[in-house]
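The next block is work-v9.csv, given as CSV, C-alpha atoms.
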```
chain,number,residue,atom,x,y,z
A,21,MET,CA,-11.6,13.1,-10.3
A,22,SER,CA,-10.7,13.3,-14.0
A,23,GLU,CA,-12.2,11.1,-16.7
A,24,ILE,CA,-10.1,8.2,-17.8
A,25,LYS,CA,-8.7,9.2,-21.2
A,26,ASN,CA,-5.3,7.6,-21.2
A,27,VAL,CA,-4.0,4.2,-20.4
A,28,TRP,CA,-1.1,4.0,-18.0
A,29,GLU,CA,1.3,1.3,-17.1
A,30,MET,CA,3.9,1.1,-14.3
A,31,THR,CA,7.4,1.4,-15.6
A,32,ASN,CA,11.0,2.0,-14.2
A,33,ILE,CA,10.1,0.0,-11.0
A,34,GLN,CA,12.8,0.0,-8.4
A,35,PHE,CA,12.6,-1.7,-5.0
A,36,GLY,CA,14.3,-0.1,-2.1
A,37,PHE,CA,13.7,1.6,1.3
A,38,ILE,CA,12.1,4.7,2.5
A,39,VAL,CA,14.5,6.0,5.1
A,40,TYR,CA,13.4,8.3,8.0
A,41,GLU,CA,16.1,10.5,9.5
A,42,LYS,CA,15.9,12.8,12.5
A,43,CYS,CA,18.2,15.5,13.8
A,44,TYR,CA,17.9,15.6,17.5
A,45,GLN,CA,19.5,19.0,17.7
A,46,THR,CA,17.0,20.8,15.5
A,47,ASN,CA,14.2,18.2,15.8
A,48,GLU,CA,14.0,18.2,12.0
A,49,MET,CA,12.8,15.1,10.1
A,50,ARG,CA,13.5,14.0,6.6
A,51,THR,CA,12.8,11.1,4.4
A,52,TYR,CA,14.3,9.8,1.2
A,53,PHE,CA,14.3,6.7,-1.1
A,54,SER,CA,17.4,4.5,-0.8
A,55,LEU,CA,18.6,1.6,-3.0
A,56,GLU,CA,20.8,0.2,-0.2
A,57,ASP,CA,20.4,-3.5,0.6
A,58,ASN,CA,19.8,-2.8,4.3
A,59,PRO,CA,19.9,0.8,5.6
A,60,ILE,CA,21.1,0.4,9.1
A,61,LEU,CA,19.0,2.0,11.8
A,62,GLY,CA,20.8,4.2,14.3
A,63,ASP,CA,23.5,5.2,11.7
A,64,ARG,CA,24.6,8.8,12.5
A,65,TYR,CA,26.4,11.4,10.5
A,66,ARG,CA,26.9,15.1,10.5
A,67,GLU,CA,25.8,17.5,7.8
A,68,GLY,CA,26.6,21.1,8.6
A,69,LYS,CA,25.0,21.9,11.9
A,70,ARG,CA,22.7,18.9,11.7
A,71,HIS,CA,23.4,15.5,13.1
A,72,TRP,CA,21.2,13.0,11.3
A,73,THR,CA,20.2,9.7,12.8
A,74,ARG,CA,18.4,7.0,10.9
A,75,VAL,CA,15.3,6.3,13.0
A,76,GLU,CA,13.2,4.0,10.8
A,77,ASN,CA,13.1,2.4,7.4
A,78,ALA,CA,10.5,0.6,5.4
A,79,GLN,CA,10.7,-1.5,2.3
A,80,SER,CA,9.0,0.1,-0.6
A,81,PHE,CA,9.3,0.8,-4.3
A,82,ARG,CA,9.3,3.7,-6.7
A,83,PHE,CA,8.0,3.8,-10.2
A,84,ASP,CA,7.0,6.0,-13.1
A,85,LEU,CA,3.8,5.8,-15.1
A,86,LYS,CA,3.9,5.5,-18.9
A,87,ASN,CA,1.0,6.5,-21.1
A,88,ILE,CA,0.9,3.6,-23.5
A,89,ASN,CA,-1.1,5.7,-26.1
A,90,THR,CA,1.5,8.5,-26.3
A,91,GLY,CA,4.7,7.0,-24.8
A,92,GLU,CA,4.8,9.9,-22.3
A,93,VAL,CA,6.5,8.9,-19.1
A,94,VAL,CA,5.4,10.8,-15.9
A,95,LYS,CA,8.0,10.5,-13.2
A,96,PHE,CA,6.9,9.7,-9.6
A,97,ASP,CA,10.3,10.0,-7.9
A,98,ASP,CA,8.7,12.7,-5.7
A,99,LEU,CA,6.2,10.2,-4.3
A,100,MET,CA,7.3,8.9,-0.8
A,101,GLY,CA,4.3,6.6,-0.5
A,102,LEU,CA,0.6,6.0,-0.4
A,103,MET,CA,-1.4,5.9,2.8
A,104,PHE,CA,-4.8,4.5,3.6
A,105,CYS,CA,-6.8,7.1,5.5
A,106,SER,CA,-8.2,5.3,8.5
A,107,GLY,CA,-10.4,8.3,9.5
A,108,CYS,CA,-8.5,8.5,12.8
A,109,LEU,CA,-9.2,12.2,13.4
A,110,PRO,CA,-12.8,13.2,13.1
A,111,ASP,CA,-11.9,16.8,12.5
A,112,CYS,CA,-9.4,16.0,9.7
A,113,GLU,CA,-10.6,17.1,6.2
A,114,LEU,CA,-9.4,13.8,4.8
A,115,ALA,CA,-11.3,11.7,7.4
A,116,VAL,CA,-14.5,13.5,6.5
A,117,LEU,CA,-13.9,12.7,2.8
A,118,GLN,CA,-13.0,9.1,3.7
A,119,LYS,CA,-16.3,8.6,5.5
A,120,LYS,CA,-18.2,10.0,2.5
A,121,TYR,CA,-16.3,7.7,0.0
A,122,GLU,CA,-16.6,4.7,2.3
A,123,ALA,CA,-20.4,4.9,2.1
A,124,GLU,CA,-19.9,4.3,-1.6
A,125,ARG,CA,-17.4,1.6,-1.0
A,126,SER,CA,-14.7,3.8,-2.5
A,127,MET,CA,-11.3,4.2,-0.9
A,128,LEU,CA,-9.4,7.3,-0.1
A,129,ILE,CA,-5.6,6.9,-0.6
A,130,VAL,CA,-3.4,9.8,0.5
A,131,ALA,CA,-0.2,10.5,-1.6
A,132,PHE,CA,2.8,11.8,0.4
A,133,GLY,CA,5.8,13.4,-1.0
A,134,PHE,CA,9.2,13.2,0.8
A,135,PHE,CA,9.7,15.3,3.9
A,136,PRO,CA,10.4,18.1,4.4
A,137,GLN,CA,9.8,19.1,0.7
A,138,ALA,CA,6.3,17.8,0.8
A,139,LEU,CA,5.3,20.4,3.4
A,140,THR,CA,5.9,23.2,0.9
A,141,ASP,CA,5.8,21.4,-2.4
A,142,PRO,CA,3.2,18.6,-2.3
A,143,ILE,CA,2.5,16.2,-5.2
A,144,PRO,CA,0.7,18.3,-7.8
A,145,LYS,CA,-3.0,17.5,-8.5
A,146,SER,CA,-2.3,16.6,-12.1
A,147,LYS,CA,-0.1,13.7,-10.9
A,148,LEU,CA,-2.7,12.7,-8.3
A,149,ASP,CA,-5.2,12.4,-11.1
A,150,ILE,CA,-2.9,10.3,-13.1
A,151,LEU,CA,-2.4,8.0,-10.1
A,152,SER,CA,-6.2,7.8,-9.6
A,153,ASP,CA,-6.7,7.0,-13.3
A,154,TYR,CA,-4.0,4.3,-13.1
A,155,PHE,CA,-5.5,2.5,-10.1
A,156,ASN,CA,-9.1,2.8,-11.5
A,157,GLN,CA,-8.3,1.8,-15.1
A,158,ARG,CA,-6.8,-1.5,-14.1
A,159,ARG,CA,-9.8,-2.6,-12.1
A,160,ASN,CA,-11.9,-5.4,-13.5
A,161,HIS,CA,-14.4,-5.2,-10.7
A,162,ASN,CA,-16.9,-2.4,-10.4
A,163,ARG,CA,-17.2,-2.7,-6.6
A,164,SER,CA,-15.6,0.7,-5.8
A,165,LYS,CA,-13.3,3.4,-7.0
A,166,ILE,CA,-9.9,4.6,-5.7
A,167,ILE,CA,-9.5,8.3,-5.0
A,168,VAL,CA,-6.0,9.5,-4.6
A,169,ALA,CA,-5.8,12.8,-2.5
A,170,SER,CA,-3.0,15.1,-1.4
A,171,SER,CA,-1.6,14.9,2.1
A,172,THR,CA,-1.9,18.7,2.3
A,173,PRO,CA,-5.1,18.8,4.4
A,174,ILE,CA,-3.3,16.9,7.2
A,175,GLU,CA,-2.6,19.6,9.7
A,176,ASP,CA,-0.5,17.6,12.1
A,177,ILE,CA,1.2,14.5,10.7
A,178,SER,CA,2.2,13.4,14.2
A,179,ARG,CA,-1.4,12.8,15.1
A,180,CYS,CA,-2.2,10.9,11.9
A,181,ARG,CA,-2.7,7.1,12.3
A,182,GLY,CA,-3.2,6.2,8.7
A,183,ASP,CA,-1.6,3.1,7.3
A,184,PHE,CA,1.3,3.6,4.9
A,185,LEU,CA,1.4,1.0,2.3
A,186,HIS,CA,5.0,0.1,3.0
A,187,ASP,CA,6.6,-3.0,4.4
A,188,VAL,CA,7.9,-2.1,7.8
A,189,ASP,CA,10.1,-4.5,9.8
A,190,MET,CA,10.4,-7.1,7.1
A,191,LEU,CA,14.1,-7.5,7.8
A,192,SER,CA,13.4,-8.0,11.5
A,193,GLN,CA,13.1,-11.3,13.3
A,194,GLU,CA,10.5,-9.7,15.6
A,195,PRO,CA,6.8,-9.7,14.7
A,196,PRO,CA,5.6,-6.4,13.3
A,197,PRO,CA,3.9,-4.0,15.6
A,198,LYS,CA,0.1,-3.8,15.5
A,199,GLU,CA,0.1,0.0,15.1
A,200,ARG,CA,2.3,2.2,13.0
A,201,LYS,CA,5.3,3.4,14.9
A,202,GLN,CA,5.3,7.1,16.0
A,203,ILE,CA,7.8,8.6,13.6
A,204,PHE,CA,6.8,12.2,12.9
B,12,MET,CA,-12.9,-20.0,-12.5
B,13,THR,CA,-14.4,-17.9,-9.7
B,14,THR,CA,-13.6,-17.4,-6.0
B,15,GLN,CA,-16.7,-19.5,-5.3
B,16,ASP,CA,-15.4,-22.5,-7.3
B,17,LEU,CA,-12.0,-22.2,-5.4
B,18,CYS,CA,-13.7,-22.0,-2.0
B,19,GLU,CA,-15.5,-25.2,-2.8
B,20,LYS,CA,-12.7,-27.1,-4.4
B,21,LEU,CA,-10.0,-26.1,-1.9
B,22,ASN,CA,-12.2,-25.9,1.2
B,23,LEU,CA,-11.2,-22.3,1.8
B,24,LYS,CA,-12.7,-20.5,4.8
B,25,MET,CA,-14.5,-17.2,3.9
B,26,LEU,CA,-13.5,-14.8,6.6
B,27,SER,CA,-15.0,-11.6,5.1
B,28,LYS,CA,-18.3,-10.8,3.4
B,29,PHE,CA,-17.8,-10.3,-0.3
B,30,SER,CA,-19.2,-10.9,-3.8
B,31,HIS,CA,-17.6,-13.7,-5.7
B,32,LYS,CA,-15.3,-12.7,-8.6
B,33,GLU,CA,-13.6,-14.2,-11.6
B,34,VAL,CA,-10.0,-15.3,-11.0
B,35,ASN,CA,-7.3,-15.0,-13.7
B,36,GLY,CA,-4.1,-15.9,-12.0
B,37,VAL,CA,-2.1,-16.2,-8.8
B,38,PHE,CA,0.5,-13.9,-7.1
B,39,VAL,CA,2.5,-15.0,-4.1
B,40,SER,CA,4.2,-12.5,-1.8
B,41,ASP,CA,4.4,-11.3,1.7
B,42,MET,CA,5.4,-7.8,0.8
B,43,ILE,CA,2.9,-5.1,0.0
B,44,SER,CA,5.3,-3.2,-2.3
B,45,ASP,CA,5.8,-6.4,-4.3
B,46,VAL,CA,2.1,-6.9,-4.7
B,47,MET,CA,1.5,-3.3,-5.7
B,48,ALA,CA,4.2,-3.5,-8.3
B,49,GLY,CA,3.5,-6.9,-9.7
B,50,ALA,CA,0.1,-8.3,-9.0
B,51,LYS,CA,-2.7,-7.9,-11.6
B,52,SER,CA,-6.4,-7.2,-11.3
B,53,GLY,CA,-8.2,-10.5,-10.8
B,54,ASN,CA,-5.3,-12.3,-9.3
B,55,LEU,CA,-5.4,-14.4,-6.1
B,56,TRP,CA,-3.0,-13.0,-3.6
B,57,LEU,CA,-1.4,-15.7,-1.3
B,58,THR,CA,0.3,-14.4,1.8
B,59,VAL,CA,0.9,-15.0,5.5
B,60,GLN,CA,0.6,-11.3,6.2
B,61,THR,CA,-2.6,-10.4,8.2
B,62,HIS,CA,-2.0,-6.8,9.1
B,63,LYS,CA,-5.0,-4.6,8.0
B,64,SER,CA,-2.8,-2.7,5.5
B,65,ILE,CA,-3.2,-5.8,3.2
B,66,ILE,CA,-6.8,-4.6,2.5
B,67,PRO,CA,-6.0,-1.2,0.9
B,68,ALA,CA,-3.2,-2.9,-1.1
B,69,ALA,CA,-5.6,-5.6,-2.2
B,70,ASN,CA,-8.1,-3.0,-3.2
B,71,LEU,CA,-5.6,-0.9,-5.1
B,72,VAL,CA,-4.5,-3.9,-7.2
B,73,ASP,CA,-8.1,-5.1,-7.4
B,74,VAL,CA,-7.2,-8.7,-6.6
B,75,ALA,CA,-10.0,-11.3,-6.7
B,76,ALA,CA,-9.2,-12.5,-3.2
B,77,VAL,CA,-6.5,-12.6,-0.5
B,78,ILE,CA,-5.8,-16.1,0.7
B,79,ILE,CA,-4.1,-16.3,4.1
B,80,THR,CA,-2.1,-19.5,4.3
B,81,SER,CA,-0.7,-21.7,7.1
B,82,GLY,CA,-3.8,-21.1,9.3
B,83,LYS,CA,-2.6,-17.7,10.4
B,84,ASP,CA,-5.0,-15.9,12.7
B,85,VAL,CA,-6.5,-12.8,11.0
B,86,PRO,CA,-7.2,-9.8,13.3
B,87,GLU,CA,-10.8,-8.7,13.5
B,88,GLU,CA,-9.8,-5.1,12.3
B,89,THR,CA,-8.5,-6.6,9.0
B,90,ILE,CA,-11.8,-8.5,8.5
B,91,GLU,CA,-13.9,-5.4,9.3
B,92,LEU,CA,-11.9,-3.3,6.8
B,93,ALA,CA,-12.3,-6.0,4.1
B,94,ASN,CA,-16.1,-6.1,4.7
B,95,LYS,CA,-16.3,-2.3,4.2
B,96,PHE,CA,-14.7,-2.5,0.7
B,97,ASP,CA,-16.0,-5.9,-0.5
B,98,ILE,CA,-12.6,-7.5,-0.3
B,99,ALA,CA,-12.5,-11.3,-0.2
B,100,VAL,CA,-10.3,-12.6,2.6
B,101,LEU,CA,-10.0,-16.4,2.5
B,102,SER,CA,-8.0,-18.7,4.7
B,103,THR,CA,-6.5,-22.2,4.7
B,104,ASP,CA,-4.5,-24.2,7.2
B,105,PHE,CA,-2.3,-25.5,4.3
B,106,PRO,CA,1.1,-23.8,3.7
B,107,THR,CA,1.5,-21.6,0.7
B,108,PHE,CA,3.5,-24.2,-1.2
B,109,LYS,CA,0.7,-26.8,-1.1
B,110,ILE,CA,-2.0,-24.3,-2.1
B,111,VAL,CA,0.1,-23.1,-5.0
B,112,GLY,CA,0.3,-26.7,-6.1
B,113,GLU,CA,-3.4,-27.2,-5.8
B,114,LEU,CA,-4.1,-23.9,-7.8
B,115,TYR,CA,-1.7,-25.0,-10.5
B,116,SER,CA,-3.4,-28.3,-10.9
B,117,LEU,CA,-6.7,-26.5,-11.2
B,118,GLY,CA,-5.2,-24.6,-14.2
B,119,LEU,CA,-4.4,-21.3,-12.6
```

Translate the structure described by the file into structure tokens.
Amino acid sequence: MSEIKNVWEMTNIQFGFIVYEKCYQTNEMRTYFSLEDNPILGDRYREGKRHWTRVENAQSFRFDLKNINTGEVVKFDDLMGLMFCSGCLPDCELAVLQKKYEAERSMLIVAFGFFPQALTDPIPKSKLDILSDYFNQRRNHNRSKIIVASSTPIEDISRCRGDFLHDVDMLSQEPPPKERKQIF
Amino acid sequence: MTTQDLCEKLNLKMLSKFSHKEVNGVFVSDMISDVMAGAKSGNLWLTVQTHKSIIPAANLVDVAAVIITSGKDVPEETIELANKFDIAVLSTDFPTFKIVGELYSLGL
């Protein structure tokens, strides 16, 4: 993790939804950020040979980070969300790291880009370091550190049971499920 | 004011194991995204959410404590996760509105 040299603040905050869409013809999945008031689940539309269906949405927000020393703004519009690694798969590289950090009371947070772009073009390390710096610099308490890592080591997202820091089912009258829904 | 002072004055139940911390303000929300965008390090976070994902959110923001209001039952997995990362999870039977009033009268 890089040393903290700059002071960052959250800026350009926008609240919205992470929308998950699936094409049942090609079995492809994609995600994007939406500013809609209430993206309706089950909505279907055609785009070329694909028939997209909205299968899930989660309330979230997007933001940029501003270096208050230099005025530089680093955009994070490619960040789908942050996930707490629960160490669910013992053979996962991130689970091994999480165990190591947990012993030091530090927390591994995984940064995901939007799908499918994130599979070939993950959030660059320079931006992960800025996120780590941001979360650590604002801490008054020395109890632990936050380590922001790339999602790249996750070989099979469909097996991952980490917890996305999104608000799922907040518009529903039903109580939220205990476990994250199987989306991928 | 510290979390210890607040536990004594408001009779809050300490659900997790933690070291007491200084408190500098209050943030009320049941949405994780709202807390991550708006809460400050050292704030008390009042919520009725009890899912374990409140713990990483609380840790990212570095809140002084999470106070679960309205006597909501907190799952054991949430408490276990809080214990691992020294996150204070407190609870009260009072609704959020009443606790906010009490905190305000204490100067927060």

task = Would you list the residues near (-8.5, -31.2, -8.8), meaning any protein, DNA or RNA residue with an atom at most 12 Å from that point in file coordinates, counting only C-alpha atoms, as a ChimeraX atom specification?
result = /B:16-17,19-22,110,112-119

ask   = From the list A:Val116, A:Ala131, A:Arg159, A:Arg70, which residue is nearest Lys51 (chain B) when using only C-alpha atoms?
value = A:Arg159

Per residue of chain A within 9 Å of chain B, record the nearest atom pair and its distance in Å to one decimal, counting only C-alpha atoms, with rows in chain order and ascending residue number, as JSON lines.
```
{"residue": "A:Met30", "atom": "CA", "partner": "B:Ala48", "partner_atom": "CA", "distance": 7.6}
{"residue": "A:Ile33", "atom": "CA", "partner": "B:Ala48", "partner_atom": "CA", "distance": 7.4}
{"residue": "A:Phe35", "atom": "CA", "partner": "B:Ser44", "partner_atom": "CA", "distance": 7.9}
{"residue": "A:Gln79", "atom": "CA", "partner": "B:Ser44", "partner_atom": "CA", "distance": 7.3}
{"residue": "A:Ser80", "atom": "CA", "partner": "B:Ser44", "partner_atom": "CA", "distance": 5.2}
{"residue": "A:Phe81", "atom": "CA", "partner": "B:Ser44", "partner_atom": "CA", "distance": 6.0}
{"residue": "A:Arg82", "atom": "CA", "partner": "B:Ala48", "partner_atom": "CA", "distance": 9.0}
{"residue": "A:Phe83", "atom": "CA", "partner": "B:Ala48", "partner_atom": "CA", "distance": 8.4}
{"residue": "A:Met103", "atom": "CA", "partner": "B:Pro67", "partner_atom": "CA", "distance": 8.7}
{"residue": "A:Phe104", "atom": "CA", "partner": "B:Pro67", "partner_atom": "CA", "distance": 6.4}
{"residue": "A:Glu122", "atom": "CA", "partner": "B:Lys95", "partner_atom": "CA", "distance": 7.3}
{"residue": "A:Ala123", "atom": "CA", "partner": "B:Lys95", "partner_atom": "CA", "distance": 8.5}
{"residue": "A:Glu124", "atom": "CA", "partner": "B:Phe96", "partner_atom": "CA", "distance": 8.9}
{"residue": "A:Arg125", "atom": "CA", "partner": "B:Phe96", "partner_atom": "CA", "distance": 5.2}
{"residue": "A:Ser126", "atom": "CA", "partner": "B:Phe96", "partner_atom": "CA", "distance": 7.1}
{"residue": "A:Met127", "atom": "CA", "partner": "B:Phe96", "partner_atom": "CA", "distance": 7.7}
{"residue": "A:Ile129", "atom": "CA", "partner": "B:Pro67", "partner_atom": "CA", "distance": 8.2}
{"residue": "A:Phe155", "atom": "CA", "partner": "B:Leu71", "partner_atom": "CA", "distance": 6.0}
{"residue": "A:Asn156", "atom": "CA", "partner": "B:Leu71", "partner_atom": "CA", "distance": 8.2}
{"residue": "A:Arg158", "atom": "CA", "partner": "B:Ser52", "partner_atom": "CA", "distance": 6.4}
{"residue": "A:Arg159", "atom": "CA", "partner": "B:Asp73", "partner_atom": "CA", "distance": 5.6}
{"residue": "A:Asn160", "atom": "CA", "partner": "B:Ser52", "partner_atom": "CA", "distance": 6.2}
{"residue": "A:His161", "atom": "CA", "partner": "B:Asp73", "partner_atom": "CA", "distance": 7.1}
{"residue": "A:Arg163", "atom": "CA", "partner": "B:Asp97", "partner_atom": "CA", "distance": 7.0}
{"residue": "A:Ser164", "atom": "CA", "partner": "B:Phe96", "partner_atom": "CA", "distance": 7.3}
{"residue": "A:Ile166", "atom": "CA", "partner": "B:Leu71", "partner_atom": "CA", "distance": 7.0}
{"residue": "A:Asp183", "atom": "CA", "partner": "B:Ser64", "partner_atom": "CA", "distance": 6.2}
{"residue": "A:Phe184", "atom": "CA", "partner": "B:Ser64", "partner_atom": "CA", "distance": 7.5}
{"residue": "A:Leu185", "atom": "CA", "partner": "B:Ser64", "partner_atom": "CA", "distance": 6.4}
{"residue": "A:His186", "atom": "CA", "partner": "B:Ser44", "partner_atom": "CA", "distance": 6.3}
{"residue": "A:Asp187", "atom": "CA", "partner": "B:Met42", "partner_atom": "CA", "distance": 6.1}
{"residue": "A:Met190", "atom": "CA", "partner": "B:Met42", "partner_atom": "CA", "distance": 8.1}
{"residue": "A:Pro196", "atom": "CA", "partner": "B:His62", "partner_atom": "CA", "distance": 8.7}
{"residue": "A:Lys198", "atom": "CA", "partner": "B:His62", "partner_atom": "CA", "distance": 7.4}
```

note = From CA of Val94 (chain A) to CA of Ser170 (chain A) the spacing works out at 17.3 Å

Minimum-distance residue to Thr13 (chain B), chosen among B:Asn35, B:Thr58, B:Thr89, B:Ser27 (using only C-alpha atoms) =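 Comparing B:Asn35, B:Thr58, B:Thr89, B:Ser27 against Thr13 (chain B), the winner is B:Asn35.
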
key: From B:Thr80, B:Ile90, B:Thr61, B:Ala69, residue lying nearest Lys109 (chain B) [all atoms listed in the file]   =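 Nearest to Lys109 (chain B): B:Thr80.
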
key: Nearest to Asp84 (chain B), chosen from B:Val34, B:Ala99, B:Leu23, B:Val59, with all atoms listed in the file counted in the distances   =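 Looking at the shortest contact to Asp84 (chain B), the residue is B:Val59.
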
Point-to-point distance in Å for CA of Thr31 (chain A) and CA of Lys86 (chain A) =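 The value is 6.3 Å.
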
request  = Enter the distance from CA of Ala169 (chain A) to CA of Val130 (chain A), in Å, rounded to one decimal.
outcome  = 4.9 Å

ask   = From the list B:Val85, B:Leu101, B:Met25, B:Ala93, which residue is nearest Leu55 (chain B) when using only C-alpha atoms?
value = B:Leu101
